[in-house]
Each structure stands twice: as C-alpha cells, then as structure tokens.
>>> print(open('query_18.csv').read())   # CSV, C-alpha atoms and all ligand atoms
chain,number,residue,atom,x,y,z
W,759,MET,CA,80.4,-10.3,24.2
W,760,THR,CA,77.7,-9.1,26.7
W,761,PRO,CA,78.8,-6.9,29.7
W,762,ASN,CA,78.3,-9.9,32.0
W,763,ASP,CA,80.6,-12.0,29.8
W,764,LEU,CA,83.2,-9.2,30.0
W,765,ILE,CA,82.9,-9.1,33.8
W,766,HIS,CA,83.3,-12.9,34.0
W,767,GLN,CA,86.2,-13.0,31.5
W,768,THR,CA,88.0,-10.2,33.4
W,769,ALA,CA,87.5,-12.0,36.7
W,770,GLU,CA,88.8,-15.3,35.2
W,771,ILE,CA,92.0,-13.5,34.0
W,772,ILE,CA,92.5,-11.8,37.4
W,773,ALA,CA,91.9,-15.1,39.2
W,774,SER,CA,94.6,-16.8,37.0
W,775,SER,CA,97.1,-13.9,37.3
W,776,ARG,CA,100.0,-13.8,39.8
W,777,HIS,CA,100.8,-10.1,39.8
W,778,VAL,CA,98.1,-7.6,39.0
W,779,VAL,CA,98.8,-3.9,38.9
W,780,ALA,CA,96.2,-1.1,38.5
W,781,LEU,CA,96.6,2.3,36.9
W,782,THR,CA,93.9,4.6,38.0
W,783,GLY,CA,92.8,8.1,36.9
W,784,ALA,CA,90.1,10.7,37.8
W,785,GLY,CA,87.3,8.5,36.6
W,786,MET,CA,88.0,6.3,39.6
W,787,SER,CA,86.8,9.1,41.9
W,788,VAL,CA,83.9,10.5,39.9
W,789,GLU,CA,81.5,8.4,41.9
W,790,SER,CA,83.1,10.0,45.0
W,791,GLY,CA,82.0,13.4,43.8
W,792,ILE,CA,85.3,14.5,42.4
W,793,PRO,CA,85.0,15.9,38.9
W,794,PRO,CA,87.2,14.5,36.1
W,795,PHE,CA,89.5,16.7,34.1
W,796,ARG,CA,88.3,15.8,30.6
W,797,GLY,CA,85.0,14.8,29.1
W,798,LYS,CA,81.5,15.6,30.5
W,799,GLY,CA,81.7,17.9,33.5
W,800,GLY,CA,85.5,17.9,33.3
W,801,LEU,CA,87.5,20.7,35.1
W,802,TRP,CA,89.4,21.5,31.9
W,803,GLU,CA,86.1,22.4,30.3
W,804,LYS,CA,85.8,25.2,32.9
W,805,PHE,CA,89.5,26.2,33.2
W,806,ASP,CA,92.5,26.2,30.8
W,807,PRO,CA,94.9,23.8,32.5
W,808,MET,CA,97.9,25.8,31.2
W,809,GLU,CA,96.4,28.8,33.1
W,810,VAL,CA,95.5,27.1,36.4
W,811,ALA,CA,97.6,23.9,36.7
W,812,HIS,CA,101.0,24.8,35.2
W,813,ILE,CA,103.9,25.5,37.5
W,814,GLN,CA,104.7,28.7,35.6
W,815,SER,CA,101.1,30.0,36.1
W,816,PHE,CA,101.4,29.2,39.8
W,817,MET,CA,104.7,31.0,40.3
W,818,ARG,CA,103.6,34.0,38.2
W,819,ASN,CA,100.3,34.4,40.1
W,820,PRO,CA,99.8,32.0,43.1
W,821,GLU,CA,96.8,34.0,44.3
W,822,ARG,CA,94.9,33.4,41.1
W,823,VAL,CA,95.7,29.6,41.0
W,824,TRP,CA,94.7,29.3,44.6
W,825,ARG,CA,91.5,31.2,43.9
W,826,LEU,CA,90.5,29.5,40.7
W,827,LEU,CA,91.5,25.9,41.3
W,828,ILE,CA,93.1,25.0,44.6
W,829,SER,CA,90.5,26.4,47.0
W,830,GLU,CA,87.7,24.8,44.9
W,831,MET,CA,89.5,21.5,44.9
W,832,LYS,CA,90.3,21.7,48.7
W,833,ASP,CA,86.6,21.6,49.7
W,834,ILE,CA,85.8,18.7,47.2
W,835,LEU,CA,88.9,16.7,48.2
W,836,THR,CA,88.5,17.1,52.0
W,837,GLU,CA,84.9,16.0,51.7
W,838,ALA,CA,85.3,13.0,49.3
W,839,ARG,CA,85.1,9.4,50.5
W,840,PRO,CA,86.1,6.2,48.8
W,841,ASN,CA,83.5,4.5,46.5
W,842,PRO,CA,82.9,0.8,45.7
W,843,ALA,CA,85.7,0.9,43.1
W,844,HIS,CA,88.3,1.9,45.7
W,845,TYR,CA,87.0,-0.7,48.1
W,846,GLY,CA,87.0,-3.3,45.3
W,847,LEU,CA,90.7,-2.8,44.5
W,848,ALA,CA,91.6,-2.9,48.3
W,849,ARG,CA,89.7,-6.3,48.3
W,850,LEU,CA,91.7,-7.6,45.3
W,851,GLU,CA,94.9,-6.6,47.2
W,852,SER,CA,93.8,-8.5,50.3
W,853,LEU,CA,92.9,-11.5,48.1
W,854,GLY,CA,96.6,-11.5,47.2
W,855,LYS,CA,96.0,-10.6,43.5
W,856,LEU,CA,96.5,-6.9,43.2
W,857,LYS,CA,100.0,-5.9,44.3
W,858,THR,CA,100.2,-2.2,43.5
W,859,VAL,CA,98.0,0.7,42.5
W,860,ILE,CA,99.6,3.4,40.4
W,861,THR,CA,97.3,6.4,40.7
W,862,GLN,CA,97.3,9.7,38.9
W,863,ASN,CA,94.8,11.0,41.5
W,864,VAL,CA,95.8,13.2,44.4
W,865,ASP,CA,92.8,12.5,46.6
W,866,GLY,CA,94.2,9.8,48.8
W,867,LEU,CA,91.0,7.7,48.4
W,868,HIS,CA,92.8,4.4,47.6
W,869,GLN,CA,94.6,4.5,51.0
W,870,LEU,CA,91.4,5.5,52.7
W,871,ALA,CA,89.7,2.5,51.2
W,872,GLY,CA,92.5,0.2,52.6
W,873,SER,CA,94.9,-0.2,49.6
W,874,ARG,CA,98.3,-0.5,51.1
W,875,ASP,CA,100.7,-0.3,48.1
W,876,VAL,CA,99.8,2.9,46.3
W,877,ILE,CA,102.1,4.9,44.1
W,878,GLU,CA,101.0,8.5,43.9
W,879,PHE,CA,102.2,9.5,40.4
W,880,HIS,CA,101.1,13.1,40.7
W,881,GLY,CA,101.5,13.6,44.4
W,882,ASN,CA,98.9,14.1,47.0
W,883,PHE,CA,96.7,17.1,47.8
W,884,ALA,CA,96.6,16.2,51.5
W,885,TRP,CA,99.8,18.1,52.0
W,886,LEU,CA,101.1,21.6,51.3
W,887,TRP,CA,104.6,22.9,51.5
W,888,CYS,CA,106.2,26.3,51.9
W,889,LEU,CA,108.1,27.6,48.8
W,890,ASP,CA,110.6,29.4,51.1
W,891,CYS,CA,111.3,27.2,54.1
W,892,GLY,CA,109.9,23.8,52.8
W,893,ASP,CA,107.7,23.5,55.9
W,894,ARG,CA,105.0,20.9,55.3
W,895,ALA,CA,101.4,21.4,56.5
W,896,ARG,CA,98.2,19.2,56.2
W,897,THR,CA,95.8,20.8,53.7
W,898,VAL,CA,92.9,20.3,56.1
W,899,ASP,CA,94.7,22.3,58.8
W,900,ILE,CA,95.2,25.4,56.6
W,901,ASP,CA,92.4,27.9,56.7
W,902,VAL,CA,92.0,29.1,53.1
W,903,ASN,CA,90.5,32.5,53.4
W,904,PRO,CA,89.4,33.9,50.0
W,905,GLY,CA,90.4,37.3,51.2
W,906,ARG,CA,93.9,36.2,52.1
W,907,LEU,CA,95.1,34.1,49.3
W,908,PRO,CA,97.6,32.5,48.8
W,909,PRO,CA,97.9,31.0,52.3
W,910,ARG,CA,101.3,31.6,53.9
W,911,CYS,CA,103.6,29.7,56.2
W,912,GLY,CA,104.7,31.2,59.5
W,913,CYS,CA,107.9,32.3,57.8
W,914,GLY,CA,105.9,34.4,55.3
W,915,GLY,CA,106.5,32.0,52.4
W,916,ILE,CA,103.6,30.8,50.1
W,917,TYR,CA,102.1,27.3,50.5
W,918,ARG,CA,101.8,25.1,47.4
W,919,PRO,CA,100.1,21.8,47.1
W,920,ASP,CA,102.3,18.6,47.2
W,921,CYS,CA,100.9,17.8,43.7
W,922,VAL,CA,102.7,17.7,40.4
W,923,PHE,CA,101.8,20.7,38.2
W,924,PHE,CA,102.0,20.6,34.5
W,925,GLY,CA,105.6,21.6,33.6
W,926,GLU,CA,107.0,19.6,36.5
W,927,SER,CA,108.6,16.2,36.5
W,928,ILE,CA,107.1,13.1,38.2
W,929,PRO,CA,108.8,12.4,41.5
W,930,MET,CA,111.7,10.1,40.6
W,931,GLN,CA,110.8,7.4,43.1
W,932,ALA,CA,107.2,7.3,41.9
W,933,LEU,CA,108.3,7.0,38.3
W,934,ASP,CA,110.9,4.3,39.0
W,935,ARG,CA,108.5,2.2,41.1
W,936,SER,CA,105.7,2.5,38.5
W,937,GLN,CA,108.0,1.4,35.7
W,938,MET,CA,109.1,-1.6,37.8
W,939,ALA,CA,105.5,-2.5,38.6
W,940,ALA,CA,104.4,-2.1,35.0
W,941,SER,CA,107.2,-4.3,33.7
W,942,SER,CA,106.7,-7.1,36.3
W,943,CYS,CA,103.0,-7.5,36.2
W,944,ASP,CA,101.1,-10.1,34.2
W,945,LEU,CA,97.9,-8.1,34.2
W,946,MET,CA,97.3,-4.3,34.3
W,947,LEU,CA,93.8,-3.0,35.1
W,948,VAL,CA,93.5,0.6,33.6
W,949,ILE,CA,90.6,2.2,35.4
W,950,GLY,CA,89.1,5.7,34.8
W,951,THR,CA,91.8,7.3,32.8
W,952,SER,CA,91.7,9.0,29.4
W,953,ALA,CA,95.3,7.8,28.9
W,954,VAL,CA,96.4,11.0,27.2
W,955,VAL,CA,98.8,12.4,29.8
W,956,GLN,CA,102.4,11.2,29.8
W,957,PRO,CA,104.4,9.5,31.3
W,958,ALA,CA,101.5,7.9,33.2
W,959,ALA,CA,99.8,6.8,30.0
W,960,PHE,CA,103.0,5.0,29.0
W,961,MET,CA,102.7,2.5,31.9
W,962,PRO,CA,100.1,0.3,30.1
W,963,LEU,CA,102.5,0.2,27.1
W,964,ILE,CA,105.3,-1.0,29.3
W,965,ALA,CA,103.1,-3.7,30.7
W,966,ARG,CA,101.9,-4.8,27.3
W,967,GLN,CA,105.5,-4.9,26.0
W,968,SER,CA,106.5,-7.0,29.0
W,969,GLY,CA,103.9,-9.6,28.1
W,970,ALA,CA,101.1,-8.5,30.4
W,971,VAL,CA,97.4,-8.4,29.5
W,972,VAL,CA,95.9,-4.9,29.7
W,973,ILE,CA,92.2,-4.5,30.6
W,974,GLU,CA,90.4,-1.1,30.7
W,975,ILE,CA,87.4,-0.2,32.8
W,976,ASN,CA,85.9,3.0,31.5
W,977,PRO,CA,82.5,4.2,30.1
W,978,GLU,CA,84.4,5.4,27.0
W,979,PRO,CA,87.1,3.9,24.8
W,980,THR,CA,90.6,5.6,25.0
W,981,PRO,CA,93.7,5.6,22.8
W,982,LEU,CA,94.7,2.3,24.4
W,983,THR,CA,91.4,0.6,23.4
W,984,GLY,CA,91.9,-2.1,20.7
W,985,THR,CA,95.6,-1.5,20.5
W,986,THR,CA,97.3,-1.9,23.9
W,987,SER,CA,94.3,-3.1,25.9
W,988,LYS,CA,92.8,-6.6,25.2
W,989,LEU,CA,89.4,-5.8,26.7
W,990,LEU,CA,87.4,-2.7,27.5
W,991,VAL,CA,84.8,-3.2,30.3
W,992,GLN,CA,82.5,-0.4,29.3
W,993,GLY,CA,81.0,1.0,32.4
W,994,LYS,CA,81.4,3.0,35.6
W,995,ALA,CA,84.2,1.9,37.9
W,996,GLY,CA,82.1,1.6,41.0
W,997,SER,CA,79.7,-1.2,39.7
W,998,ALA,CA,82.3,-2.8,37.4
W,999,VAL,CA,85.1,-3.2,39.9
W,1000,GLN,CA,82.6,-4.4,42.6
W,1001,GLN,CA,81.1,-7.1,40.2
W,1002,ILE,CA,84.5,-8.2,39.0
W,1003,THR,CA,85.9,-8.5,42.6
W,1004,ASP,CA,82.8,-10.5,43.7
W,1005,GLU,CA,83.3,-12.8,40.7
W,1006,VAL,CA,87.0,-13.2,41.5
W,1007,GLU,CA,86.1,-14.3,45.1
W,1008,ARG,CA,83.6,-16.8,43.7
W,1009,ILE,CA,86.1,-18.3,41.2
W,1010,MET,CA,88.9,-18.5,43.8
W,1011,ALA,CA,86.6,-20.2,46.3
W,1012,ALA,CA,85.4,-22.7,43.7
W,1013,ARG,CA,89.0,-23.5,42.8
W,1014,ARG,CA,89.8,-24.3,46.5
W,1015,GLN,CA,87.0,-26.9,46.6
W,1016,PRO,CA,88.5,-30.4,46.8
Q,1101,LIG,N1,84.1,5.3,36.1
Q,1101,LIG,C1,85.2,5.0,35.3
Q,1101,LIG,N2,85.7,5.9,34.4
Q,1101,LIG,C2,85.1,7.1,34.3
Q,1101,LIG,C3,83.9,7.4,35.1
Q,1101,LIG,C4,83.4,6.4,36.0
Q,1101,LIG,N3,82.3,6.7,36.7
Q,1101,LIG,N4,83.5,8.7,34.7
Q,1101,LIG,C5,84.4,9.1,33.8
Q,1101,LIG,N5,85.3,8.2,33.5
Q,1101,LIG,C6,86.5,8.2,32.6
Q,1101,LIG,C7,86.3,9.1,31.4
Q,1101,LIG,O1,85.7,8.4,30.4
Q,1101,LIG,C8,87.8,9.4,31.1
Q,1101,LIG,O2,88.4,8.4,30.3
Q,1101,LIG,O3,87.6,8.7,33.4
Q,1101,LIG,C9,88.5,9.3,32.5
Q,1101,LIG,C10,88.8,10.7,33.1
Q,1101,LIG,O4,89.8,11.2,32.3
Q,1101,LIG,P1,90.6,12.5,32.8
Q,1101,LIG,O5,89.6,13.5,33.3
Q,1101,LIG,O6,91.5,12.9,31.6
Q,1101,LIG,O7,91.5,12.0,34.0
Q,1101,LIG,P2,92.9,11.4,34.0
Q,1101,LIG,O8,93.1,10.4,32.9
Q,1101,LIG,O9,93.2,10.9,35.4
Q,1101,LIG,O10,93.9,12.6,33.7
Q,1101,LIG,C11,95.3,12.4,33.8
Q,1101,LIG,O11,95.7,14.8,33.6
Q,1101,LIG,O12,95.1,16.9,34.0
Q,1101,LIG,C12,95.9,15.9,34.4
Q,1101,LIG,O13,97.0,15.7,36.4
Q,1101,LIG,C13,95.8,15.5,35.8
Q,1101,LIG,O14,96.1,13.3,36.8
Q,1101,LIG,C14,95.4,14.0,35.7
Q,1101,LIG,C15,95.9,13.6,34.3
>>> encode(input="query_18.csv", output="structure tokens")
Amino acid sequence: MTPNDLIHQTAEIIASSRHVVALTGAGMSVESGIPPFRGKGGLWEKFDPMEVAHIQSFMRNPERVWRLLISEMKDILTEARPNPAHYGLARLESLGKLKTVITQNVDGLHQLAGSRDVIEFHGNFAWLWCLDCGDRARTVDIDVNPGRLPPRCGCGGIYRPDCVFFGESIPMQALDRSQMAASSCDLMLVIGTSAVVQPAAFMPLIARQSGAVVIEINPEPTPLTGTTSKLLVQGKAGSAVQQITDEVERIMAARRQP
C-alpha cells in the first residue's frame, strides 16, 4: 500500500468511526522543537532518566535535577507552539470525530491548538508546586536562576514540576478517564509514541481488546506495530495528521451530498 493509500484508508476509517480517541507521545511535539526522549536526538541519549527524571533522584538532589533537566526543559516548553499535528487533532474534534486526546506530553500544546478534551497522563509542566506548603505557581512566572537552584516558594519550600516522575503513579483521575476512553472508542490513533512506557502503552491494548481499530502514526514501527495496531502510517505527525484530516473533511462533505 502506498503512503497515499494509507492516508486515504485511515481517513475512511476515521470518517466511518463514531468515537475516536488519540494517544499521543513526544513525537507529536518534535516538530514544535521539543526533543523526544528516545531515538534520534532523544533526551535519554544525553541523560540517564533514572538519574534526572526519577522521584527519588529529585528528592535526593533537587538542585541537580533542576539544573540538568528542568531548567533546560523550561525554556524549550515555554517557547514551543503547536504544530500542524496538534491543529489537525483539534480539527478532528470540531468535526465531531475525535472525542478525547490522551497525551503523555507535558507541554500543553494540544490545548493551545484548540483541543478541548485532553487527558494529561503525565501531568503538565505549566505548573509547579511547593513540596512544603503545596502552593501552586505558573512555571513561566518562576525565575529559574542557575545560581539559585532549586527555586523556592515564599515559605522556603522547594518547587517541583506538576509532572509525573518515574517512580510515581499516574494521577488516579487521568488513569480512570483514559481507561474509560480506551474501552469505549471504536478507533484509537496512536501518534508519536514509542509505546514502551506503562501504563500509557497499555491503552491501545485496552482499545484493541474492546473491539477498536488501532492505527499508528510514526516514522518508525513500535512494539504495537503488526500486533495491536492494524495500520502504521509511516511518517511525521505534522504532515500525516494534516493530510488525513483534510481527507476526512473531503469524505464527510462528499457523504453529505444529496
Ligand atoms: N512525528 C511522529 N512521531 C515521531 C516524530 C514525528 N515528527 N519524531 C519522532 N517520532 C516518534 C519516534 O519514532 C518515537 O516512536 O515519536 C516517538 C517518541 O518516543 P519517546 O521519545 O519514547 O516518547 P514517548 O513515547 O512519549 O515516551 C513516553 O516516557 O520518558 C517517559 O515520561 C516520558 O512521557 C514520556 C514517556
């Protein structure tokens, strides 16, 4: 099947679906300038995630985690803007096809692009909270001075990002809602995730076991390819999602013709 055939077939399946859910990962935001974690240019090629992204590392040495990971991510994330893939999913939602985005990303770009129902499986980097008093602060409002890390709350407590570190559990509401969405969809689009981190990577399996079709959009195959997912649209999310969404609009308009 040629890439265009795959785009058309995916669009046909979306146009015929009642309840589409998307599971997105870091690859969704690569074209917004945010590096992925694994694969070419991935953060985990530079840092050991157990050293810089595990809750025990953070509690043992918050200054080091802030210096190595968080302050670098802060600049990238506050500058990043949605790309055509984010806007394409928001368009699929306004067409009444996509009901929910389950994202592993903490960049808030789906909401910025106009998606309304977004489950943030790993939290959101837009907020920090104080380990002592729980005070919440917007990340953009906190001046991260390399000479004065970790940033501290007025009470003297240390600020941590409102993201899920390795070694922490997924927020219960996010997990419950994601499992509900995965088990009630008839199509799951799995976009830009290596599908190796649990429990997020279990959502496509729940969808498949509930009778849904699973389609991946990714330049590379993943452990889901050929087993859980029916199709792999091999390409970058930005162009693939935009082409697919354009095609869905054409198909839906043609079906409305008398
Ligand atoms: N378009 C679509 N997919 C892309 C693109 C792109 N332009 N560029 C890269 N990819 C794909 C890669 O092929 C890979 O499969 O995106 C995926 C990125 O994988 P990861 O970096 O592992 O990101 P993700 O799957 O979201 O990681 C899951 O691991 O470290 C934790 O908490 C972190 O949420 C993250 C979780």
>>> residues_near_ligand(input="query_18.csv", ligand="ligand LIG 1101 (chain Q)", cutoff="7 Å", atoms="all atoms listed in the file", output="ChimeraX atom specification")
/W:782-786,788-789,794-797,800,862-863,880,949-955,975-978,980,993-996
>>> closest_residue(input="query_18.csv", among="W:Arg818, W:His812, W:Arg776, W:Arg906", to="W:Cys921", atoms="all atoms listed in the file")
W:His812
>>> residues_around(input="query_18.csv", residues="W:Ala769", least_positions_apart="5", cutoff="8 Å", atoms="only C-alpha atoms", output="ChimeraX atom specification")
/W:1002-1003,1005-1006,1009
>>> residues_around(input="query_18.csv", residues="stretch 960-964 of chain W", least_positions_apart="5", cutoff="7 Å", atoms="only C-alpha atoms", output="VMD selection string")
chain W and resid 937 940 to 941 946 972 986
>>> closest_residue(input="query_18.csv", among="W:Gly872, W:Gly799, W:Gly915, W:Gly925", to="W:Asn841", atoms="all atoms listed in the file")
W:Gly872
>>> closest_residue(input="query_18.csv", among="W:Ala884, W:Ala932, W:Leu856, W:Cys911", to="W:Ser774", atoms="only C-alpha atoms")
W:Leu856
>>> atom_distance(input="query_18.csv", atom1="atom CA of W:Phe883", atom2="atom CA of W:Met808")
18.8 Å
>>> closest_residue(input="query_18.csv", among="W:Ile877, W:Ile813, W:Ile834, W:Leu853", to="W:Ala1011", atoms="all atoms listed in the file")
W:Leu853
>>> closest_residue(input="query_18.csv", among="W:Asp763, W:Asp890, W:Asp944, W:Glu809", to="W:Lys855", atoms="all atoms listed in the file")
W:Asp944
>>> atom_distance(input="query_18.csv", atom1="atom CA of W:Cys888", atom2="atom CA of W:Pro908")
11.0 Å
>>> closest_residue(input="query_18.csv", among="W:Asp893, W:Asp1004, W:Asp920, W:Asp865", to="W:Thr768", atoms="all atoms listed in the file")
W:Asp1004
